[in-house]
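Structure file entry-v5.pdb (PDB, C-alpha atoms) is printed below.
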```pdb
MODEL        1
ATOM      1  CA  MET A   1     -35.302  -7.588   5.364
ATOM      2  CA  GLU A   2     -32.664  -8.073   2.674
ATOM      3  CA  THR A   3     -32.271  -4.298   2.476
ATOM      4  CA  TYR A   4     -30.621  -4.414   5.897
ATOM      5  CA  LEU A   5     -28.958  -7.788   5.517
ATOM      6  CA  ILE A   6     -26.894  -6.919   2.448
ATOM      7  CA  PRO A   7     -25.126  -3.828   3.842
ATOM      8  CA  ILE A   8     -24.554  -5.626   7.148
ATOM      9  CA  VAL A   9     -22.902  -8.562   5.362
ATOM     10  CA  ALA A  10     -20.860  -6.127   3.244
ATOM     11  CA  PHE A  11     -19.782  -4.265   6.388
ATOM     12  CA  ILE A  12     -18.760  -7.522   8.090
ATOM     13  CA  VAL A  13     -16.711  -8.592   5.049
ATOM     14  CA  SER A  14     -15.004  -5.179   4.886
ATOM     15  CA  THR A  15     -14.217  -5.292   8.608
ATOM     16  CA  ILE A  16     -12.739  -8.784   8.283
ATOM     17  CA  THR A  17     -10.665  -7.563   5.320
ATOM     18  CA  VAL A  18      -9.281  -4.672   7.397
ATOM     19  CA  ILE A  19      -8.518  -6.950  10.355
ATOM     20  CA  LEU A  20      -6.752  -9.526   8.174
ATOM     21  CA  SER A  21      -4.793  -6.841   6.321
ATOM     22  CA  VAL A  22      -3.604  -5.281   9.569
ATOM     23  CA  ARG A  23      -2.859  -8.659  11.179
ATOM     24  CA  PHE A  24      -0.937 -10.089   8.242
ATOM     25  CA  GLY A  25       0.421  -6.905   6.725
ATOM     26  CA  ASN A  26       4.109  -6.431   6.092
ATOM     27  CA  ARG A  27       5.327  -3.149   7.393
ATOM     28  CA  LYS A  28       6.412  -1.450   4.223
ATOM     29  CA  ILE A  29       9.813   0.125   4.325
ATOM     30  CA  ASP A  30       9.864   3.894   4.270
ATOM     31  CA  ILE A  31      11.977   4.551   1.196
ATOM     32  CA  ASP A  32      13.034   8.035   2.272
ATOM     33  CA  TYR A  33      14.191   6.782   5.647
ATOM     34  CA  VAL A  34      16.242   4.025   3.979
ATOM     35  CA  GLN A  35      17.798   6.594   1.659
ATOM     36  CA  GLN A  36      18.679   8.772   4.639
ATOM     37  CA  LEU A  37      20.304   5.824   6.363
ATOM     38  CA  ARG A  38      22.250   4.991   3.194
ATOM     39  CA  ASN A  39      23.496   8.589   2.938
ATOM     40  CA  ARG A  40      24.597   8.518   6.574
ATOM     41  CA  VAL A  41      26.434   5.235   6.047
ATOM     42  CA  LEU A  42      28.219   6.662   3.004
ATOM     43  CA  ALA A  43      29.193   9.799   4.934
ATOM     44  CA  LEU A  44      30.503   7.687   7.815
ATOM     45  CA  GLN A  45      32.472   5.503   5.390
ATOM     46  CA  THR A  46      34.073   8.605   3.842
ATOM     47  CA  THR A  47      34.979   9.909   7.308
ATOM     48  CA  LEU A  48      36.428   6.524   8.247
ATOM     49  CA  ARG A  49      38.589   6.481   5.102
ATOM     50  CA  ALA A  50      39.844  10.006   5.869
ATOM     51  CA  ILE A  51      40.681   8.939   9.433
ATOM     52  CA  ARG A  52      42.626   5.907   8.145
ATOM     53  CA  VAL A  53      44.584   8.054   5.663
ATOM     54  CA  ASN A  54      45.373  10.480   8.484
ATOM     55  CA  GLU A  55      46.447   7.600  10.689
ATOM     56  CA  LEU A  56      48.876   6.362   8.036
ATOM     57  CA  LYS A  57      50.362   9.850   7.615
ATOM     58  CA  LEU A  58      50.817  10.190  11.359
ATOM     59  CA  LYS A  59      52.499   6.773  11.488
ATOM     60  CA  GLU A  60      54.924   7.845   8.773
ATOM     61  CA  GLU A  61      55.693  11.086  10.612
ATOM     62  CA  ASN A  62      56.160   9.131  13.812
ATOM     63  CA  ASP A  63      58.621   6.779  12.124
ATOM     64  CA  GLN A  64      60.548   9.742  10.671
ATOM     65  CA  LEU A  65      60.691  11.410  14.064
ATOM     66  CA  LYS A  66      61.900   8.167  15.648
ATOM     67  CA  THR A  67      64.658   7.923  13.048
ATOM     68  CA  GLN A  68      65.632  11.570  13.648
ATOM     69  CA  ASN A  69      65.559  10.930  17.366
ATOM     70  CA  LEU A  70      67.934   7.990  16.983
ATOM     71  CA  ASP A  71      70.288  10.059  14.813
ATOM     72  CA  LEU A  72      70.313  12.837  17.381
ATOM     73  CA  LEU A  73      70.984  10.386  20.206
ATOM     74  CA  MET A  74      73.910   8.943  18.259
ATOM     75  CA  LYS A  75      75.345  12.402  17.653
ATOM     76  CA  ILE A  76      74.941  13.263  21.333
ATOM     77  CA  ASN A  77      76.727  10.039  22.196
ATOM     78  CA  GLU A  78      79.616  10.859  19.852
ATOM     79  CA  LEU A  79      79.938  14.372  21.242
ATOM     80  CA  THR A  80      79.833  13.077  24.802
ATOM     81  CA  ASN A  81      82.573  10.576  23.958
ATOM     82  CA  LYS A  82      84.716  13.377  22.432
ATOM     83  CA  ILE A  83      84.206  15.584  25.479
ATOM     84  CA  THR A  84      85.216  12.816  27.910
ATOM     85  CA  LYS A  85      88.325  12.070  25.853
TER      86      LYS A  85
ATOM     87  CA  MET B   1      -2.427  -6.400  -9.929
ATOM     88  CA  THR B   2      -4.160  -4.680  -6.990
ATOM     89  CA  GLN B   3      -4.082  -1.389  -8.766
ATOM     90  CA  LEU B   4      -5.671  -2.856 -11.906
ATOM     91  CA  PHE B   5      -8.681  -3.952  -9.867
ATOM     92  CA  THR B   6      -8.730  -0.602  -8.093
ATOM     93  CA  TRP B   7      -8.764   1.228 -11.422
ATOM     94  CA  TYR B   8     -11.521  -1.093 -12.633
ATOM     95  CA  GLY B   9     -13.635  -0.178  -9.593
ATOM     96  CA  PHE B  10     -12.785   3.513  -9.956
ATOM     97  CA  ILE B  11     -13.830   3.681 -13.615
ATOM     98  CA  LEU B  12     -16.933   1.535 -13.054
ATOM     99  CA  HIS B  13     -18.232   3.653 -10.173
ATOM    100  CA  MET B  14     -17.415   6.918 -11.910
ATOM    101  CA  VAL B  15     -19.358   5.812 -14.987
ATOM    102  CA  TRP B  16     -22.270   4.741 -12.777
ATOM    103  CA  ALA B  17     -22.155   8.111 -11.004
ATOM    104  CA  LEU B  18     -22.145   9.888 -14.364
ATOM    105  CA  GLY B  19     -25.073   7.775 -15.554
ATOM    106  CA  LEU B  20     -27.016   8.663 -12.420
ATOM    107  CA  CYS B  21     -26.338  12.358 -12.953
ATOM    108  CA  LEU B  22     -27.937  12.049 -16.378
ATOM    109  CA  SER B  23     -30.945   9.949 -15.405
ATOM    110  CA  PRO B  24     -32.458   8.164 -12.356
ATOM    111  CA  THR B  25     -33.069   4.925 -14.322
ATOM    112  CA  PRO B  26     -29.602   3.383 -13.548
ATOM    113  CA  MET B  27     -30.794   3.035  -9.942
ATOM    114  CA  HIS B  28     -32.939   0.120 -11.148
ATOM    115  CA  ALA B  29     -29.958  -1.697 -12.672
ATOM    116  CA  THR B  30     -29.471  -4.871 -10.649
ATOM    117  CA  PRO B  31     -25.940  -4.285  -9.325
ATOM    118  CA  LEU B  32     -26.713  -0.682  -8.421
ATOM    119  CA  ASN B  33     -30.170  -1.249  -6.967
ATOM    120  CA  TYR B  34     -29.249  -2.204  -3.409
ATOM    121  CA  PHE B  35     -26.731   0.602  -3.101
ATOM    122  CA  ALA B  36     -29.418   3.011  -4.304
ATOM    123  CA  ARG B  37     -31.761   1.570  -1.626
ATOM    124  CA  ILE B  38     -29.126   2.271   1.048
ATOM    125  CA  MET B  39     -28.951   5.860  -0.236
ATOM    126  CA  GLY B  40     -32.737   6.154   0.009
ATOM    127  CA  TYR B  41     -33.373   5.879  -3.747
ATOM    128  CA  ASN B  42     -32.071   9.409  -4.153
ATOM    129  CA  GLN B  43     -30.516   9.803  -7.601
ATOM    130  CA  TYR B  44     -28.016  12.509  -6.679
ATOM    131  CA  LEU B  45     -27.149  11.084  -3.276
ATOM    132  CA  THR B  46     -26.356   7.741  -4.878
ATOM    133  CA  ALA B  47     -24.227   9.465  -7.528
ATOM    134  CA  ALA B  48     -22.439  11.464  -4.823
ATOM    135  CA  GLY B  49     -21.817   8.291  -2.820
ATOM    136  CA  LEU B  50     -20.289   6.555  -5.842
ATOM    137  CA  PHE B  51     -18.228   9.610  -6.685
ATOM    138  CA  ILE B  52     -16.869   9.942  -3.124
ATOM    139  CA  VAL B  53     -16.046   6.233  -2.971
ATOM    140  CA  SER B  54     -14.144   6.470  -6.288
ATOM    141  CA  ILE B  55     -12.153   9.529  -5.200
ATOM    142  CA  LEU B  56     -11.261   7.896  -1.867
ATOM    143  CA  CYS B  57     -10.086   4.843  -3.768
ATOM    144  CA  LEU B  58      -7.892   7.029  -5.992
ATOM    145  CA  ILE B  59      -6.376   8.645  -2.899
ATOM    146  CA  GLY B  60      -5.725   5.176  -1.511
ATOM    147  CA  VAL B  61      -3.881   4.145  -4.686
ATOM    148  CA  ILE B  62      -1.704   7.278  -4.582
ATOM    149  CA  LEU B  63      -0.870   6.793  -0.896
ATOM    150  CA  ASP B  64      -0.096   3.132  -1.502
ATOM    151  CA  ARG B  65       2.343   3.992  -4.293
ATOM    152  CA  THR B  66       4.261   6.339  -2.029
ATOM    153  CA  ASN B  67       4.823   3.423   0.396
ATOM    154  CA  ARG B  68       3.649   5.548   3.289
ATOM    155  CA  HIS B  69       0.499   5.709   5.361
ATOM    156  CA  ASP B  70      -0.402   2.086   4.669
ATOM    157  CA  PHE B  71      -3.297   2.034   7.096
ATOM    158  CA  ILE B  72      -4.812   5.216   5.672
ATOM    159  CA  ALA B  73      -4.424   3.822   2.128
ATOM    160  CA  LEU B  74      -6.195   0.655   3.271
ATOM    161  CA  LEU B  75      -9.052   2.636   4.815
ATOM    162  CA  CYS B  76      -9.399   4.626   1.580
ATOM    163  CA  VAL B  77      -9.952   1.531  -0.608
ATOM    164  CA  ILE B  78     -12.333  -0.196   1.825
ATOM    165  CA  PRO B  79     -15.430   1.938   0.982
ATOM    166  CA  GLN B  80     -15.146   0.878  -2.652
ATOM    167  CA  GLN B  81     -14.916  -2.733  -1.509
ATOM    168  CA  PHE B  82     -18.080  -2.188   0.534
ATOM    169  CA  VAL B  83     -19.931  -0.829  -2.532
ATOM    170  CA  MET B  84     -18.680  -3.685  -4.720
ATOM    171  CA  ILE B  85     -19.831  -6.256  -2.164
ATOM    172  CA  VAL B  86     -23.247  -4.605  -1.900
ATOM    173  CA  CYS B  87     -23.526  -4.714  -5.712
ATOM    174  CA  ALA B  88     -22.380  -8.348  -5.773
ATOM    175  CA  LEU B  89     -24.862  -9.366  -3.079
ATOM    176  CA  GLY B  90     -27.609  -7.551  -5.006
ATOM    177  CA  SER B  91     -26.696  -9.692  -8.012
ATOM    178  CA  VAL B  92     -26.757 -12.814  -5.818
ATOM    179  CA  MET B  93     -30.258 -11.883  -4.624
ATOM    180  CA  ALA B  94     -31.395 -11.416  -8.230
ATOM    181  CA  ILE B  95     -30.036 -14.883  -9.113
ATOM    182  CA  ALA B  96     -31.687 -16.445  -6.059
ATOM    183  CA  LEU B  97     -35.047 -14.773  -6.797
ATOM    184  CA  SER B  98     -34.823 -15.356 -10.578
ATOM    185  CA  HIS B  99     -35.719 -11.792 -11.394
ATOM    186  CA  TYR B 100     -33.775  -8.617 -11.989
ATOM    187  CA  ALA B 101     -34.073  -5.595  -9.699
ATOM    188  CA  ASP B 102     -36.363  -3.886 -12.223
ATOM    189  CA  GLY B 103     -38.743  -6.842 -11.986
ATOM    190  CA  VAL B 104     -37.876  -8.608 -15.245
ATOM    191  CA  GLU B 105     -38.057 -12.358 -14.711
ATOM    192  CA  ARG B 106     -35.456 -14.617 -16.190
ATOM    193  CA  HIS B 107     -34.139 -18.089 -15.517
ATOM    194  CA  MET B 108     -31.597 -18.293 -12.701
ATOM    195  CA  GLY B 109     -28.886 -19.411 -15.115
ATOM    196  CA  PHE B 110     -29.484 -16.461 -17.378
ATOM    197  CA  ILE B 111     -29.166 -13.961 -14.527
ATOM    198  CA  LEU B 112     -26.103 -15.813 -13.208
ATOM    199  CA  ALA B 113     -24.395 -15.507 -16.573
ATOM    200  CA  ASP B 114     -25.330 -11.864 -16.764
ATOM    201  CA  GLN B 115     -24.434 -10.813 -13.233
ATOM    202  CA  PHE B 116     -21.471 -13.043 -12.481
ATOM    203  CA  PRO B 117     -18.867 -10.419 -13.530
ATOM    204  CA  PHE B 118     -20.028  -8.183 -10.671
ATOM    205  CA  ILE B 119     -19.820 -11.043  -8.177
ATOM    206  CA  ILE B 120     -16.352 -12.129  -9.283
ATOM    207  CA  ALA B 121     -15.197  -8.497  -9.342
ATOM    208  CA  ALA B 122     -16.107  -8.098  -5.656
ATOM    209  CA  VAL B 123     -14.319 -11.332  -4.746
ATOM    210  CA  MET B 124     -11.214 -10.469  -6.761
ATOM    211  CA  TYR B 125     -11.168  -6.939  -5.349
ATOM    212  CA  THR B 126     -11.220  -8.314  -1.800
ATOM    213  CA  LEU B 127      -8.406 -10.752  -2.637
ATOM    214  CA  ALA B 128      -6.441  -7.936  -4.282
ATOM    215  CA  ILE B 129      -6.711  -5.815  -1.114
ATOM    216  CA  LEU B 130      -5.598  -8.729   1.044
ATOM    217  CA  SER B 131      -2.697  -9.600  -1.268
ATOM    218  CA  ASN B 132      -1.511  -5.995  -1.286
ATOM    219  CA  PHE B 133      -2.033  -4.985   2.337
ATOM    220  CA  GLY B 134      -1.926  -8.369   4.043
ATOM    221  CA  LYS B 135       0.916 -10.073   2.179
ATOM    222  CA  ASP B 136       1.809 -12.491   4.964
ATOM    223  CA  LEU B 137      -1.666 -14.018   4.754
ATOM    224  CA  PHE B 138      -0.724 -15.557   1.403
ATOM    225  CA  TRP B 139       3.047 -15.833   1.500
ATOM    226  CA  LYS B 140       3.819 -16.760   5.083
ATOM    227  CA  HIS B 141       2.541 -20.290   4.778
ATOM    228  CA  ILE B 142       4.393 -21.186   1.588
TER     229      ILE B 142
ENDMDL
END
```

As C-alpha cells, please, write out the structure in this file.
Amino acid sequence: METYLIPIVAFIVSTITVILSVRFGNRKIDIDYVQQLRNRVLALQTTLRAIRVNELKLKEENDQLKTQNLDLLMKINELTNKITK
Amino acid sequence: MTQLFTWYGFILHMVWALGLCLSPTPMHATPLNYFARIMGYNQYLTAAGLFIVSILCLIGVILDRTNRHDFIALLCVIPQQFVMIVCALGSVMAIALSHYADGVERHMGFILADQFPFIIAAVMYTLAILSNFGKDLFWKHI
C-alpha cells in the first residue's frame, strides 16, 4: 500500500508547488527586451537633441532674415521718399 | 540559494545513478528504496531515472539564469523535487517502522538521526523552488 501512497503524496506536493509558484510568481523581466527599450530611448533622445539644435539654428536664421527684411523695407521707404520728392 | 540546493540535488542523484551503474545494492539504501520500487527494482532503469532527473534539473538552472522561460525552468526542476520527496517519505517510513529498507532494525531515534538530512533536504528544496519561482508567496505579505 505504501508503495502507491508515497509517489501519490510526492506528486500532490509537486503539483501544489507548481500551482503556488505560478500563482505567486513574479514575472521576470526579459533583460534583452529591456536593453532594446533602453537603446530605443537613447536613440530617440539623440534625435530629439538634434531636432532642438536644428530648431535653434532655424530661429537664428529667421531672426537674421527678419532683420534683413526690416533693413530692406527701410531702404525701400527711403527710395520711395526720394522718388516722391 | 535556490541554485545551491539544486546543485546539491544534482550531485546527489548523479552519484546515486553512478553507484547504481556499478552495483544493484544501492537500491536497498533507505532513501533510494522507494524510488527503486517505483522503477520496478530495475537497477539500470532506476539509474536512468536519476540521471534524467539530474539533467532536467541542470537545464532548469540554466534556463532560470537566463531569466527566460520561467515556466519551463520550473517544470524542469520539479521532477527532482518529486524524487527528493519520494526519498524523504521513504526515510519517514523507515523511521515510523523502526527498520531500514534493507531490513536492519534500529531504534526510531537512531534512524531519525541518520535519515533526517534527506527529509530536511526535500523540505528545503521545495522552499527553495517556491522562493525562487513564487517570490510573492513570501514577500507579498511582509

Selection under test: the PyMOL selection byres ((chain B and resi 19) around 12); residues as a ChimeraX atom specification: /B:12-18,20-29,32,43-44,46-48,50-51

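Around segment 87-103 of chain B, within 7 Å and counting all atoms listed in the file, the residues found are A:Ile6, B:His28, B:Ala29, B:Thr30, B:Pro31, B:Leu32, B:Asn33, B:Tyr34, B:Phe35, B:Val83, B:His107, B:Met108, B:Ile111, B:Leu112, B:Gln115, B:Phe118, B:Ile119, B:Ala122, once anything fewer than 4 positions away on its own chain is removed.
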
Residue list for chain A near chain B as a PyMOL selection string, 6 Å, all atoms listed in the file: chain A and resi 10+21+24-25

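Distances from B:Gly40, B:Gly49, B:Gly60, B:Gly109 to Trp7 of chain B were compared using only C-alpha atoms, and the smallest one belongs to B:Gly60.
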
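Coordinates place atom CA of Ile55 of chain B at a distance of 19.2 Å from atom CA of Val18 of chain A.
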
Ground truth for the PyMOL selection byres ((chain B and resi 4) around 12), written as a PyMOL selection string: chain B and resi 1-3+5-11+58+61+121+124-125+128-129+132

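Atom CA of Ile52 of chain B is found 10.3 Å from atom CA of Cys76 of chain B.
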
Between atom CA of Phe11 of chain A and atom CA of Ile120 of chain B - distance in Å to one decimal: 17.9 Å

Complete segment 63-75 of chain A at the level of N, CA, C and O atoms, written as a compact mmCIF listing (two decimals), keeping the file's coordinate frame.
```
# COMPACT_ATOMS: atom_id res chain seq x y z
N ASP A 63 57.43 7.56 12.48
CA ASP A 63 58.62 6.78 12.12
C ASP A 63 59.79 7.71 11.79
O ASP A 63 60.94 7.46 12.21
N GLN A 64 59.49 8.78 11.03
CA GLN A 64 60.55 9.74 10.67
C GLN A 64 61.13 10.38 11.92
O GLN A 64 62.35 10.53 12.05
N LEU A 65 60.23 10.78 12.82
CA LEU A 65 60.69 11.41 14.06
C LEU A 65 61.52 10.44 14.90
O LEU A 65 62.52 10.83 15.52
N LYS A 66 61.14 9.18 14.90
CA LYS A 66 61.90 8.17 15.65
C LYS A 66 63.31 8.04 15.06
O LYS A 66 64.30 7.95 15.80
N THR A 67 63.36 8.02 13.72
CA THR A 67 64.66 7.92 13.05
C THR A 67 65.53 9.13 13.39
O THR A 67 66.72 9.00 13.73
N GLN A 68 64.92 10.34 13.31
CA GLN A 68 65.63 11.57 13.65
C GLN A 68 66.10 11.52 15.10
O GLN A 68 67.21 11.94 15.43
N ASN A 69 65.24 11.03 15.93
CA ASN A 69 65.56 10.93 17.37
C ASN A 69 66.78 10.04 17.57
O ASN A 69 67.70 10.38 18.34
N LEU A 70 66.79 8.91 16.87
CA LEU A 70 67.93 7.99 16.98
C LEU A 70 69.22 8.66 16.50
O LEU A 70 70.28 8.53 17.15
N ASP A 71 69.11 9.37 15.36
CA ASP A 71 70.29 10.06 14.81
C ASP A 71 70.85 11.06 15.82
O ASP A 71 72.07 11.15 16.03
N LEU A 72 69.89 11.82 16.40
CA LEU A 72 70.31 12.84 17.38
C LEU A 72 70.97 12.18 18.60
O LEU A 72 72.00 12.67 19.11
N LEU A 73 70.42 11.09 19.05
CA LEU A 73 70.98 10.39 20.21
C LEU A 73 72.40 9.90 19.89
O LEU A 73 73.31 10.00 20.74
N MET A 74 72.57 9.42 18.66
CA MET A 74 73.91 8.94 18.26
C MET A 74 74.91 10.09 18.23
O MET A 74 76.05 9.95 18.70
N LYS A 75 74.45 11.22 17.70
CA LYS A 75 75.34 12.40 17.65
C LYS A 75 75.72 12.84 19.06
O LYS A 75 76.85 13.19 19.35
```
